[in-house]
Structures are given as structure tokens and as C-alpha cells.
file structure29.pdb (PDB, C-alpha atoms, pLDDT in the B column)
ATOM      1  CA  MET A   1      42.044 -57.659  18.262  1.00 57.00           C
ATOM      2  CA  THR A   2      39.449 -58.271  15.612  1.00 63.00           C
ATOM      3  CA  TYR A   3      36.171 -56.497  15.428  1.00 64.00           C
ATOM      4  CA  SER A   4      32.987 -57.756  14.027  1.00 72.00           C
ATOM      5  CA  PRO A   5      31.721 -55.984  10.900  1.00 72.00           C
ATOM      6  CA  LEU A   6      28.990 -54.336  12.963  1.00 72.00           C
ATOM      7  CA  THR A   7      31.458 -53.012  15.506  1.00 80.00           C
ATOM      8  CA  SER A   8      33.764 -51.755  12.735  1.00 77.00           C
ATOM      9  CA  ALA A   9      30.896 -49.881  11.135  1.00 80.00           C
ATOM     10  CA  ALA A  10      29.923 -48.366  14.495  1.00 81.00           C
ATOM     11  CA  LEU A  11      33.516 -47.211  15.095  1.00 80.00           C
ATOM     12  CA  MET A  12      33.683 -45.667  11.628  1.00 81.00           C
ATOM     13  CA  VAL A  13      30.402 -43.804  12.183  1.00 82.00           C
ATOM     14  CA  GLN A  14      31.656 -42.468  15.545  1.00 83.00           C
ATOM     15  CA  LYS A  15      34.917 -41.363  13.927  1.00 80.00           C
ATOM     16  CA  LEU A  16      32.997 -39.684  11.083  1.00 76.00           C
ATOM     17  CA  ILE A  17      30.707 -37.864  13.530  1.00 79.00           C
ATOM     18  CA  ARG A  18      33.690 -36.489  15.489  1.00 79.00           C
ATOM     19  CA  ASP A  19      35.539 -35.426  12.329  1.00 76.00           C
ATOM     20  CA  ALA A  20      35.059 -31.666  11.832  1.00 75.00           C
ATOM     21  CA  ARG A  21      37.147 -31.265   8.694  1.00 77.00           C
ATOM     22  CA  GLY A  22      35.239 -29.717   5.775  1.00 77.00           C
ATOM     23  CA  VAL A  23      32.351 -28.372   7.890  1.00 79.00           C
ATOM     24  CA  ALA A  24      33.074 -24.803   6.819  1.00 83.00           C
ATOM     25  CA  ALA A  25      33.106 -25.807   3.152  1.00 84.00           C
ATOM     26  CA  ILE A  26      29.749 -27.560   3.495  1.00 86.00           C
ATOM     27  CA  GLU A  27      28.238 -24.576   5.310  1.00 87.00           C
ATOM     28  CA  MET A  28      29.607 -22.261   2.612  1.00 89.00           C
ATOM     29  CA  ALA A  29      28.032 -24.424  -0.086  1.00 90.00           C
ATOM     30  CA  PHE A  30      24.644 -23.963   1.579  1.00 92.00           C
ATOM     31  CA  ILE A  31      24.979 -20.252   2.389  1.00 94.00           C
ATOM     32  CA  PHE A  32      26.750 -18.930  -0.739  1.00 93.00           C
ATOM     33  CA  PRO A  33      23.799 -19.181  -3.188  1.00 91.00           C
ATOM     34  CA  VAL A  34      21.515 -17.459  -0.672  1.00 92.00           C
ATOM     35  CA  MET A  35      24.040 -14.660  -0.174  1.00 93.00           C
ATOM     36  CA  VAL A  36      24.435 -14.144  -3.936  1.00 90.00           C
ATOM     37  CA  ILE A  37      20.660 -13.936  -4.417  1.00 88.00           C
ATOM     38  CA  LEU A  38      20.373 -11.440  -1.541  1.00 90.00           C
ATOM     39  CA  TYR A  39      23.187  -9.325  -2.970  1.00 91.00           C
ATOM     40  CA  LEU A  40      21.697  -9.250  -6.470  1.00 87.00           C
ATOM     41  CA  GLY A  41      18.239  -8.577  -5.001  1.00 86.00           C
ATOM     42  CA  LEU A  42      19.587  -5.547  -3.134  1.00 90.00           C
ATOM     43  CA  ILE A  43      21.138  -4.265  -6.353  1.00 89.00           C
ATOM     44  CA  ASP A  44      17.746  -4.647  -8.088  1.00 88.00           C
ATOM     45  CA  ILE A  45      15.910  -2.844  -5.278  1.00 89.00           C
ATOM     46  CA  THR A  46      18.406   0.019  -5.390  1.00 91.00           C
ATOM     47  CA  ASN A  47      18.090   0.270  -9.183  1.00 88.00           C
ATOM     48  CA  PHE A  48      14.278   0.232  -9.031  1.00 90.00           C
ATOM     49  CA  LEU A  49      14.224   2.966  -6.400  1.00 92.00           C
ATOM     50  CA  GLN A  50      16.536   5.096  -8.532  1.00 92.00           C
ATOM     51  CA  VAL A  51      14.496   4.525 -11.710  1.00 91.00           C
ATOM     52  CA  ASN A  52      11.177   5.102  -9.921  1.00 93.00           C
ATOM     53  CA  ARG A  53      12.490   8.409  -8.615  1.00 94.00           C
ATOM     54  CA  ARG A  54      13.553   9.425 -12.124  1.00 93.00           C
ATOM     55  CA  VAL A  55      10.185   8.420 -13.599  1.00 93.00           C
ATOM     56  CA  THR A  56       8.390  10.614 -11.052  1.00 94.00           C
ATOM     57  CA  LEU A  57      10.801  13.505 -11.606  1.00 94.00           C
ATOM     58  CA  THR A  58      10.415  13.192 -15.377  1.00 93.00           C
ATOM     59  CA  ALA A  59       6.597  13.266 -15.186  1.00 93.00           C
ATOM     60  CA  SER A  60       6.767  16.319 -12.953  1.00 93.00           C
ATOM     61  CA  THR A  61       9.263  18.103 -15.215  1.00 93.00           C
ATOM     62  CA  LEU A  62       7.323  17.253 -18.362  1.00 94.00           C
ATOM     63  CA  ALA A  63       4.037  18.607 -16.979  1.00 93.00           C
ATOM     64  CA  ASP A  64       5.749  21.645 -15.479  1.00 93.00           C
ATOM     65  CA  LEU A  65       7.519  22.680 -18.698  1.00 93.00           C
ATOM     66  CA  VAL A  66       4.442  22.173 -20.900  1.00 94.00           C
ATOM     67  CA  THR A  67       2.146  24.143 -18.590  1.00 93.00           C
ATOM     68  CA  GLN A  68       4.578  27.072 -18.554  1.00 93.00           C
ATOM     69  CA  ALA A  69       3.888  27.695 -22.261  1.00 91.00           C
ATOM     70  CA  ASP A  70       1.724  30.639 -23.292  1.00 89.00           C
ATOM     71  CA  SER A  71      -1.699  29.855 -24.689  1.00 87.00           C
ATOM     72  CA  THR A  72      -0.249  27.796 -27.594  1.00 91.00           C
ATOM     73  CA  ILE A  73       2.435  25.166 -28.016  1.00 92.00           C
ATOM     74  CA  THR A  74       3.748  23.204 -31.025  1.00 92.00           C
ATOM     75  CA  THR A  75       4.991  19.661 -31.478  1.00 91.00           C
ATOM     76  CA  ALA A  76       8.493  21.067 -32.009  1.00 92.00           C
ATOM     77  CA  ASP A  77       8.261  22.703 -28.571  1.00 93.00           C
ATOM     78  CA  ILE A  78       7.027  19.448 -27.055  1.00 92.00           C
ATOM     79  CA  ASP A  79       9.787  17.437 -28.767  1.00 91.00           C
ATOM     80  CA  GLY A  80      12.337  19.788 -27.167  1.00 92.00           C
ATOM     81  CA  ILE A  81      10.676  19.274 -23.789  1.00 92.00           C
ATOM     82  CA  PHE A  82      10.719  15.498 -24.358  1.00 90.00           C
ATOM     83  CA  GLU A  83      14.479  15.681 -25.014  1.00 89.00           C
ATOM     84  CA  SER A  84      15.078  17.615 -21.798  1.00 87.00           C
ATOM     85  CA  ALA A  85      12.905  15.126 -19.912  1.00 83.00           C
ATOM     86  CA  ARG A  86      14.962  12.250 -21.318  1.00 83.00           C
ATOM     87  CA  ALA A  87      18.109  13.940 -20.007  1.00 87.00           C
ATOM     88  CA  ILE A  88      16.852  13.294 -16.472  1.00 88.00           C
ATOM     89  CA  PHE A  89      17.449   9.586 -17.057  1.00 84.00           C
ATOM     90  CA  GLU A  90      21.122   9.896 -17.954  1.00 83.00           C
ATOM     91  CA  PRO A  91      23.279   7.833 -17.504  1.00 85.00           C
ATOM     92  CA  LEU A  92      20.451   5.253 -17.652  1.00 83.00           C
ATOM     93  CA  SER A  93      19.244   4.084 -21.025  1.00 83.00           C
ATOM     94  CA  VAL A  94      16.199   5.858 -22.463  1.00 82.00           C
ATOM     95  CA  GLU A  95      15.349   2.915 -24.730  1.00 82.00           C
ATOM     96  CA  GLY A  96      12.404   1.825 -22.594  1.00 76.00           C
ATOM     97  CA  ILE A  97      10.906   5.261 -21.908  1.00 88.00           C
ATOM     98  CA  SER A  98       7.477   6.380 -23.117  1.00 91.00           C
ATOM     99  CA  LEU A  99       6.334   9.987 -22.769  1.00 92.00           C
ATOM    100  CA  SER A 100       2.715  11.053 -23.293  1.00 92.00           C
ATOM    101  CA  LEU A 101       0.787  14.311 -22.936  1.00 93.00           C
ATOM    102  CA  TRP A 102      -2.948  14.959 -23.000  1.00 93.00           C
ATOM    103  CA  ASP A 103      -4.878  18.204 -22.733  1.00 93.00           C
ATOM    104  CA  PHE A 104      -8.460  18.109 -21.480  1.00 92.00           C
ATOM    105  CA  ARG A 105     -10.898  21.027 -21.302  1.00 90.00           C
ATOM    106  CA  MET A 106     -13.982  21.152 -19.119  1.00 88.00           C
ATOM    107  CA  GLN A 107     -16.958  21.710 -21.443  1.00 86.00           C
ATOM    108  CA  ASP A 108     -20.498  21.649 -20.096  1.00 83.00           C
ATOM    109  CA  GLY A 109     -19.362  19.943 -16.891  1.00 81.00           C
ATOM    110  CA  SER A 110     -17.503  17.143 -18.657  1.00 83.00           C
ATOM    111  CA  PRO A 111     -13.759  16.831 -19.447  1.00 88.00           C
ATOM    112  CA  THR A 112     -13.165  16.645 -23.203  1.00 87.00           C
ATOM    113  CA  LYS A 113      -9.846  15.727 -24.811  1.00 90.00           C
ATOM    114  CA  ILE A 114      -8.535  18.645 -26.882  1.00 91.00           C
ATOM    115  CA  TRP A 115      -5.191  17.215 -28.007  1.00 92.00           C
ATOM    116  CA  GLU A 116      -2.630  14.552 -27.259  1.00 91.00           C
ATOM    117  CA  TYR A 117       1.015  13.968 -28.110  1.00 92.00           C
ATOM    118  CA  THR A 118       3.288  11.008 -27.468  1.00 90.00           C
ATOM    119  CA  ASN A 119       6.779   9.927 -28.430  1.00 87.00           C
ATOM    120  CA  GLY A 120       5.307   7.025 -30.375  1.00 75.00           C
ATOM    121  CA  ALA A 121       5.477   4.323 -27.735  1.00 78.00           C
ATOM    122  CA  SER A 122       2.334   3.208 -25.962  1.00 77.00           C
ATOM    123  CA  CYS A 123       2.071   4.200 -22.342  1.00 80.00           C
ATOM    124  CA  GLY A 124      -1.222   2.701 -21.293  1.00 79.00           C
ATOM    125  CA  SER A 125      -4.719   3.784 -22.111  1.00 82.00           C
ATOM    126  CA  GLU A 126      -5.854   7.374 -22.424  1.00 83.00           C
ATOM    127  CA  PRO A 127      -6.864   8.990 -19.130  1.00 83.00           C
ATOM    128  CA  THR A 128     -10.570   9.261 -18.529  1.00 76.00           C
ATOM    129  CA  GLY A 129     -12.502  11.967 -16.697  1.00 67.00           C
ATOM    130  CA  GLY A 130     -13.150  10.967 -13.155  1.00 71.00           C
ATOM    131  CA  ASP A 131     -13.478  12.781  -9.884  1.00 72.00           C
ATOM    132  CA  GLU A 132      -9.769  13.534  -9.576  1.00 76.00           C
ATOM    133  CA  MET A 133      -9.607  15.372 -12.906  1.00 78.00           C
ATOM    134  CA  GLU A 134     -12.979  17.049 -12.534  1.00 78.00           C
ATOM    135  CA  SER A 135     -12.116  18.424  -9.081  1.00 79.00           C
ATOM    136  CA  LEU A 136      -9.176  20.326 -10.628  1.00 80.00           C
ATOM    137  CA  MET A 137     -11.184  21.849 -13.496  1.00 82.00           C
ATOM    138  CA  GLU A 138     -13.840  24.470 -14.145  1.00 83.00           C
ATOM    139  CA  ASP A 139     -15.811  25.146 -17.342  1.00 84.00           C
ATOM    140  CA  GLY A 140     -13.522  26.534 -20.058  1.00 84.00           C
ATOM    141  CA  ASN A 141     -10.452  25.508 -18.095  1.00 89.00           C
ATOM    142  CA  ASP A 142      -7.743  23.078 -19.318  1.00 91.00           C
ATOM    143  CA  ILE A 143      -5.705  20.479 -17.517  1.00 92.00           C
ATOM    144  CA  VAL A 144      -2.537  18.875 -18.898  1.00 93.00           C
ATOM    145  CA  ILE A 145      -1.750  15.283 -18.009  1.00 93.00           C
ATOM    146  CA  ALA A 146       1.816  14.010 -18.380  1.00 93.00           C
ATOM    147  CA  ARG A 147       2.518  10.287 -18.156  1.00 93.00           C
ATOM    148  CA  VAL A 148       5.916   8.599 -18.150  1.00 93.00           C
ATOM    149  CA  CYS A 149       6.384   4.829 -18.469  1.00 92.00           C
ATOM    150  CA  TYR A 150       9.680   2.974 -18.239  1.00 90.00           C
ATOM    151  CA  SER A 151      10.626  -0.693 -18.556  1.00 87.00           C
ATOM    152  CA  GLN A 152      13.371  -1.805 -16.180  1.00 84.00           C
ATOM    153  CA  ASP A 153      15.082  -5.198 -16.348  1.00 82.00           C
ATOM    154  CA  ALA A 154      15.824  -6.972 -13.075  1.00 83.00           C
ATOM    155  CA  ILE A 155      18.934  -9.069 -12.574  1.00 80.00           C
ATOM    156  CA  ILE A 156      17.148 -11.612 -10.364  1.00 78.00           C
ATOM    157  CA  GLY A 157      14.127 -11.747 -12.666  1.00 71.00           C
ATOM    158  CA  THR A 158      16.364 -12.405 -15.658  1.00 68.00           C
ATOM    159  CA  MET A 159      17.898 -15.359 -13.816  1.00 70.00           C
ATOM    160  CA  PHE A 160      14.537 -16.873 -12.831  1.00 70.00           C
ATOM    161  CA  GLY A 161      12.232 -15.981 -15.729  1.00 67.00           C
ATOM    162  CA  SER A 162      10.618 -12.714 -16.744  1.00 69.00           C
ATOM    163  CA  GLY A 163      12.714  -9.893 -15.410  1.00 74.00           C
ATOM    164  CA  THR A 164      11.056  -6.750 -16.751  1.00 81.00           C
ATOM    165  CA  ILE A 165       9.113  -4.445 -14.456  1.00 83.00           C
ATOM    166  CA  GLU A 166       7.019  -1.561 -15.776  1.00 87.00           C
ATOM    167  CA  LEU A 167       7.258   1.688 -13.818  1.00 89.00           C
ATOM    168  CA  ASP A 168       4.983   4.644 -14.553  1.00 91.00           C
ATOM    169  CA  ASP A 169       3.813   7.926 -13.100  1.00 92.00           C
ATOM    170  CA  GLU A 170       1.252  10.516 -14.091  1.00 92.00           C
ATOM    171  CA  LEU A 171       0.826  14.150 -13.138  1.00 92.00           C
ATOM    172  CA  MET A 172      -1.965  16.658 -13.796  1.00 92.00           C
ATOM    173  CA  LEU A 173      -1.351  20.412 -13.907  1.00 91.00           C
ATOM    174  CA  ARG A 174      -3.268  23.438 -15.097  1.00 91.00           C
ATOM    175  CA  PRO A 175      -1.708  25.787 -17.648  1.00 92.00           C
ATOM    176  CA  ARG A 176      -0.029  28.709 -15.884  1.00 90.00           C
ATOM    177  CA  GLN A 177      -0.065  31.514 -18.458  1.00 88.00           C
ATOM    178  CA  SER A 178      -3.705  31.138 -19.539  1.00 89.00           C
ATOM    179  CA  THR A 179      -6.785  29.065 -18.760  1.00 89.00           C
ATOM    180  CA  THR A 180      -6.373  27.017 -21.971  1.00 90.00           C
ATOM    181  CA  LEU A 181      -3.434  25.545 -23.849  1.00 91.00           C
ATOM    182  CA  GLU A 182      -3.758  24.868 -27.576  1.00 91.00           C
ATOM    183  CA  CYS A 183      -1.342  22.683 -29.533  1.00 89.00           C
ATOM    184  CA  THR A 184      -1.313  24.017 -33.067  1.00 88.00           C
ATOM    185  CA  ASP A 185      -0.186  20.803 -34.766  1.00 86.00           C
ATOM    186  CA  CYS A 186      -1.069  18.003 -32.330  1.00 82.00           C
ATOM    187  CA  SER A 187      -3.749  15.394 -32.947  1.00 73.00           C
TER     188      SER A 187
END
call {"tool": "encode", "arguments": {"input": "structure29.pdb", "output": "C-alpha cells"}}
result
Amino acid sequence: MTYSPLTSAALMVQKLIRDARGVAAIEMAFIFPVMVILYLGLIDITNFLQVNRRVTLTASTLADLVTQADSTITTADIDGIFESARAIFEPLSVEGISLSLWDFRMQDGSPTKIWEYTNGASCGSEPTGGDEMESLMEDGNDIVIARVCYSQDAIIGTMFGSGTIELDDELMLRPRQSTTLECTDCS
């Protein structure tokens, strides 16, 4: 029995449609890249949550330790506090961390910067007065602001372009041992 070319093609198409071999491999080829991206994305989210928690804890620790000083503090004291704050990040790298401190004093109803100290890396612009700071201060009273910034690389971002995300946190506390806190050798 001979078939016309059209009938042969129709039979081959029907046979191909009924053939289920290789369906799982084709489905896997479609699903696998999506699953890998989801997996790596979950790793990134977990890492960012961990780093964000450490940034917040570091800012809190930094402000807490500085404000526990008596009425004066030195850069050597602050460098020691910076080292202890960096220890919070272990086993993560501290290469991308920036630590900054500012001391403001309320003078004539306006916050005035008395001193600042940083580990050398830029961590954004200097804080300005504002309602939040002013509500925590009274004339002749200091407030210490600690800011921590950290650069975290994302696995997914590295694969698709820029993969660095900047995380930062800032905390304001009053000195605990006195109303003012002088840094003898800060700028």
C-alpha cells in the first residue's frame, strides 16, 4: 500500500504527537534555569538579611560603647571600639564596612557639630539637625550619632550586571556618664 506524500506527512505528525519520549528532558530544560535562579536568589536574600542584621547590631553597639565613656574619649578609645564593632561581622569580610561617629551639642536651640571620627571610608553625608535630632536634645546637651555602611555583593546581581547593594544604619544616643562628650583628639 502506497501513501501519498501528504498522507505520509500526516501519519508522521500523528506518530510524533503520540510519542512521549523526551518530554521530561524538555520540561527539565525549561524549568532548570528558573530553579537555579530561585535558589541563588534565596541565598542572596538570606545573606542580605544576615548582613542587614549585623549592620544594625554594629551601629547599636558602636553608639552604645561610645556613649558609655566618661566626659572625654580619645581616638585610640574609638579605634578600639571600631575593632570590637568589626568583630560583630565575623566570619563575614569587613572589607566593605564604613564606621562613622558624630557628636552634636545643642547650642542656642540649634544642633552644632562638636567632633567627628570615621575609619576613613565615606559613609554618606554628615547628618544634619532636623526634628528627630532636636527632639532628643536640650541646650548644653550632646547626642552621638553612629552610622555603619556595608557593601554586599549579590550572586544574582553579579550574573546579570551590577551586584553590589549598599546597606546602612544609623543610631542616635545621648552620653550616659555626663551631658557632654568631648573627643580630645578628634576633628
call {"tool": "closest_residue", "arguments": {"input": "structure29.pdb", "among": "A:Asn119, A:Glu138, A:Ala59, A:Asp103", "to": "Ile88 in chain A", "atoms": "all atoms listed in the file"}}
result
A:Ala59
call {"tool": "closest_residue", "arguments": {"input": "structure29.pdb", "among": "A:Leu62, A:Met12, A:Ala24, A:Met159", "to": "Arg147 in chain A", "atoms": "all atoms listed in the file"}}
result
A:Leu62
call {"tool": "atom_distance", "arguments": {"input": "structure29.pdb", "atom1": "CA of Phe104 in chain A", "atom2": "CA of Glu134 in chain A"}}
result
10.1 Å
call {"tool": "resolve_selection", "arguments": {"input": "structure29.pdb", "expression": "the PyMOL selection byres ((chain A and resi 186) around 7)", "output": "PyMOL selection string"}}
result
chain A and resi 75+115-117+183-185+187
call {"tool": "resolve_selection", "arguments": {"input": "structure29.pdb", "expression": "the PyMOL selection byres ((chain A and resi 32-49) around 10)", "output": "list in words"}}
result
Glu27, Met28, Ala29, Phe30, Ile31, Gln50, Val51, Asn52, Arg53, Arg54, Val55, Gln152, Asp153, Ala154, Ile155, Ile156, Gly157, Met159, Ile165 and Leu167 of chain A
call {"tool": "residues_around", "arguments": {"input": "structure29.pdb", "residues": "Ser71 in chain A", "least_positions_apart": "6", "cutoff": "9 Å", "atoms": "all atoms listed in the file", "output": "PyMOL selection string"}}
result
chain A and resi 175+177-183
call {"tool": "decode", "arguments": {"input": "structure29.pdb", "residues": "range 136-172 of chain A", "atoms": "N, CA and C atoms", "output": "PDB file, in the first residue's frame"}}
result
ATOM      1  N   LEU A 136      15.557  65.049  70.718  1.00  0.00           N
ATOM      2  CA  LEU A 136      16.315  64.279  71.706  1.00  0.00           C
ATOM      3  C   LEU A 136      17.288  65.139  72.508  1.00  0.00           C
ATOM      4  N   MET A 137      17.382  66.440  72.177  1.00  0.00           N
ATOM      5  CA  MET A 137      18.406  67.288  72.779  1.00  0.00           C
ATOM      6  C   MET A 137      17.802  68.464  73.548  1.00  0.00           C
ATOM      7  N   GLU A 138      18.612  68.973  74.469  1.00  0.00           N
ATOM      8  CA  GLU A 138      18.320  70.205  75.193  1.00  0.00           C
ATOM      9  C   GLU A 138      19.575  71.060  75.136  1.00  0.00           C
ATOM     10  N   ASP A 139      19.464  72.359  75.422  1.00  0.00           N
ATOM     11  CA  ASP A 139      20.643  73.227  75.387  1.00  0.00           C
ATOM     12  C   ASP A 139      21.746  72.684  76.298  1.00  0.00           C
ATOM     13  N   GLY A 140      22.975  72.651  75.760  1.00  0.00           N
ATOM     14  CA  GLY A 140      24.128  72.165  76.514  1.00  0.00           C
ATOM     15  C   GLY A 140      24.228  70.656  76.563  1.00  0.00           C
ATOM     16  N   ASN A 141      23.373  69.979  75.838  1.00  0.00           N
ATOM     17  CA  ASN A 141      23.309  68.528  75.862  1.00  0.00           C
ATOM     18  C   ASN A 141      23.849  67.972  74.545  1.00  0.00           C
ATOM     19  N   ASP A 142      24.612  66.870  74.600  1.00  0.00           N
ATOM     20  CA  ASP A 142      25.170  66.237  73.406  1.00  0.00           C
ATOM     21  C   ASP A 142      24.328  65.059  72.948  1.00  0.00           C
ATOM     22  N   ILE A 143      24.515  64.728  71.674  1.00  0.00           N
ATOM     23  CA  ILE A 143      23.969  63.490  71.134  1.00  0.00           C
ATOM     24  C   ILE A 143      25.039  62.893  70.216  1.00  0.00           C
ATOM     25  N   VAL A 144      25.241  61.599  70.313  1.00  0.00           N
ATOM     26  CA  VAL A 144      26.227  60.896  69.496  1.00  0.00           C
ATOM     27  C   VAL A 144      25.466  60.119  68.431  1.00  0.00           C
ATOM     28  N   ILE A 145      25.931  60.265  67.199  1.00  0.00           N
ATOM     29  CA  ILE A 145      25.318  59.556  66.076  1.00  0.00           C
ATOM     30  C   ILE A 145      26.345  58.571  65.529  1.00  0.00           C
ATOM     31  N   ALA A 146      25.960  57.307  65.472  1.00  0.00           N
ATOM     32  CA  ALA A 146      26.817  56.260  64.908  1.00  0.00           C
ATOM     33  C   ALA A 146      26.174  55.779  63.612  1.00  0.00           C
ATOM     34  N   ARG A 147      26.981  55.712  62.557  1.00  0.00           N
ATOM     35  CA  ARG A 147      26.481  55.224  61.272  1.00  0.00           C
ATOM     36  C   ARG A 147      27.397  54.122  60.778  1.00  0.00           C
ATOM     37  N   VAL A 148      26.786  53.046  60.295  1.00  0.00           N
ATOM     38  CA  VAL A 148      27.526  51.918  59.732  1.00  0.00           C
ATOM     39  C   VAL A 148      27.014  51.694  58.315  1.00  0.00           C
ATOM     40  N   CYS A 149      27.931  51.588  57.369  1.00  0.00           N
ATOM     41  CA  CYS A 149      27.605  51.289  55.973  1.00  0.00           C
ATOM     42  C   CYS A 149      28.382  50.044  55.554  1.00  0.00           C
ATOM     43  N   TYR A 150      27.745  49.221  54.733  1.00  0.00           N
ATOM     44  CA  TYR A 150      28.389  47.984  54.292  1.00  0.00           C
ATOM     45  C   TYR A 150      27.974  47.693  52.856  1.00  0.00           C
ATOM     46  N   SER A 151      28.917  47.295  52.043  1.00  0.00           N
ATOM     47  CA  SER A 151      28.649  46.916  50.654  1.00  0.00           C
ATOM     48  C   SER A 151      28.606  45.397  50.566  1.00  0.00           C
ATOM     49  N   GLN A 152      27.509  44.875  50.071  1.00  0.00           N
ATOM     50  CA  GLN A 152      27.321  43.429  49.956  1.00  0.00           C
ATOM     51  C   GLN A 152      27.132  43.071  48.488  1.00  0.00           C
ATOM     52  N   ASP A 153      27.883  42.083  48.018  1.00  0.00           N
ATOM     53  CA  ASP A 153      27.746  41.617  46.637  1.00  0.00           C
ATOM     54  C   ASP A 153      26.690  40.528  46.564  1.00  0.00           C
ATOM     55  N   ALA A 154      25.845  40.620  45.535  1.00  0.00           N
ATOM     56  CA  ALA A 154      24.797  39.626  45.316  1.00  0.00           C
ATOM     57  C   ALA A 154      25.219  38.657  44.229  1.00  0.00           C
ATOM     58  N   ILE A 155      24.896  37.399  44.419  1.00  0.00           N
ATOM     59  CA  ILE A 155      25.238  36.380  43.421  1.00  0.00           C
ATOM     60  C   ILE A 155      24.442  36.628  42.139  1.00  0.00           C
ATOM     61  N   ILE A 156      23.146  36.833  42.270  1.00  0.00           N
ATOM     62  CA  ILE A 156      22.286  37.057  41.106  1.00  0.00           C
ATOM     63  C   ILE A 156      22.675  38.353  40.395  1.00  0.00           C
ATOM     64  N   GLY A 157      22.933  39.404  41.168  1.00  0.00           N
ATOM     65  CA  GLY A 157      23.317  40.675  40.567  1.00  0.00           C
ATOM     66  C   GLY A 157      24.614  40.578  39.802  1.00  0.00           C
ATOM     67  N   THR A 158      25.557  39.781  40.305  1.00  0.00           N
ATOM     68  CA  THR A 158      26.830  39.594  39.628  1.00  0.00           C
ATOM     69  C   THR A 158      26.619  38.901  38.278  1.00  0.00           C
ATOM     70  N   MET A 159      25.655  37.998  38.230  1.00  0.00           N
ATOM     71  CA  MET A 159      25.373  37.272  36.990  1.00  0.00           C
ATOM     72  C   MET A 159      24.702  38.165  35.947  1.00  0.00           C
ATOM     73  N   PHE A 160      23.889  39.137  36.409  1.00  0.00           N
ATOM     74  CA  PHE A 160      23.093  39.934  35.480  1.00  0.00           C
ATOM     75  C   PHE A 160      23.472  41.408  35.436  1.00  0.00           C
ATOM     76  N   GLY A 161      24.629  41.775  35.951  1.00  0.00           N
ATOM     77  CA  GLY A 161      25.041  43.178  35.913  1.00  0.00           C
ATOM     78  C   GLY A 161      25.595  43.601  37.255  1.00  0.00           C
ATOM     79  N   SER A 162      25.234  44.774  37.691  1.00  0.00           N
ATOM     80  CA  SER A 162      25.735  45.307  38.962  1.00  0.00           C
ATOM     81  C   SER A 162      25.154  44.521  40.122  1.00  0.00           C
ATOM     82  N   GLY A 163      26.014  43.961  40.938  1.00  0.00           N
ATOM     83  CA  GLY A 163      25.542  43.112  42.007  1.00  0.00           C
ATOM     84  C   GLY A 163      25.859  43.595  43.395  1.00  0.00           C
ATOM     85  N   THR A 164      26.171  44.876  43.574  1.00  0.00           N
ATOM     86  CA  THR A 164      26.510  45.385  44.891  1.00  0.00           C
ATOM     87  C   THR A 164      25.341  46.175  45.451  1.00  0.00           C
ATOM     88  N   ILE A 165      24.992  45.860  46.697  1.00  0.00           N
ATOM     89  CA  ILE A 165      23.917  46.574  47.386  1.00  0.00           C
ATOM     90  C   ILE A 165      24.515  47.213  48.628  1.00  0.00           C
ATOM     91  N   GLU A 166      24.186  48.475  48.843  1.00  0.00           N
ATOM     92  CA  GLU A 166      24.682  49.225  49.999  1.00  0.00           C
ATOM     93  C   GLU A 166      23.670  49.119  51.132  1.00  0.00           C
ATOM     94  N   LEU A 167      24.122  48.656  52.278  1.00  0.00           N
ATOM     95  CA  LEU A 167      23.286  48.575  53.474  1.00  0.00           C
ATOM     96  C   LEU A 167      23.835  49.561  54.499  1.00  0.00           C
ATOM     97  N   ASP A 168      22.976  50.274  55.198  1.00  0.00           N
ATOM     98  CA  ASP A 168      23.450  51.195  56.223  1.00  0.00           C
ATOM     99  C   ASP A 168      22.410  51.336  57.323  1.00  0.00           C
ATOM    100  N   ASP A 169      22.889  51.759  58.477  1.00  0.00           N
ATOM    101  CA  ASP A 169      22.018  52.039  59.613  1.00  0.00           C
ATOM    102  C   ASP A 169      22.657  53.124  60.453  1.00  0.00           C
ATOM    103  N   GLU A 170      21.824  53.860  61.158  1.00  0.00           N
ATOM    104  CA  GLU A 170      22.279  54.986  61.956  1.00  0.00           C
ATOM    105  C   GLU A 170      21.520  54.977  63.271  1.00  0.00           C
ATOM    106  N   LEU A 171      22.229  55.322  64.343  1.00  0.00           N
ATOM    107  CA  LEU A 171      21.614  55.342  65.662  1.00  0.00           C
ATOM    108  C   LEU A 171      22.081  56.570  66.420  1.00  0.00           C
ATOM    109  N   MET A 172      21.159  57.204  67.146  1.00  0.00           N
ATOM    110  CA  MET A 172      21.475  58.380  67.957  1.00  0.00           C
ATOM    111  C   MET A 172      21.267  58.042  69.424  1.00  0.00           C
TER     112      MET A 172
END
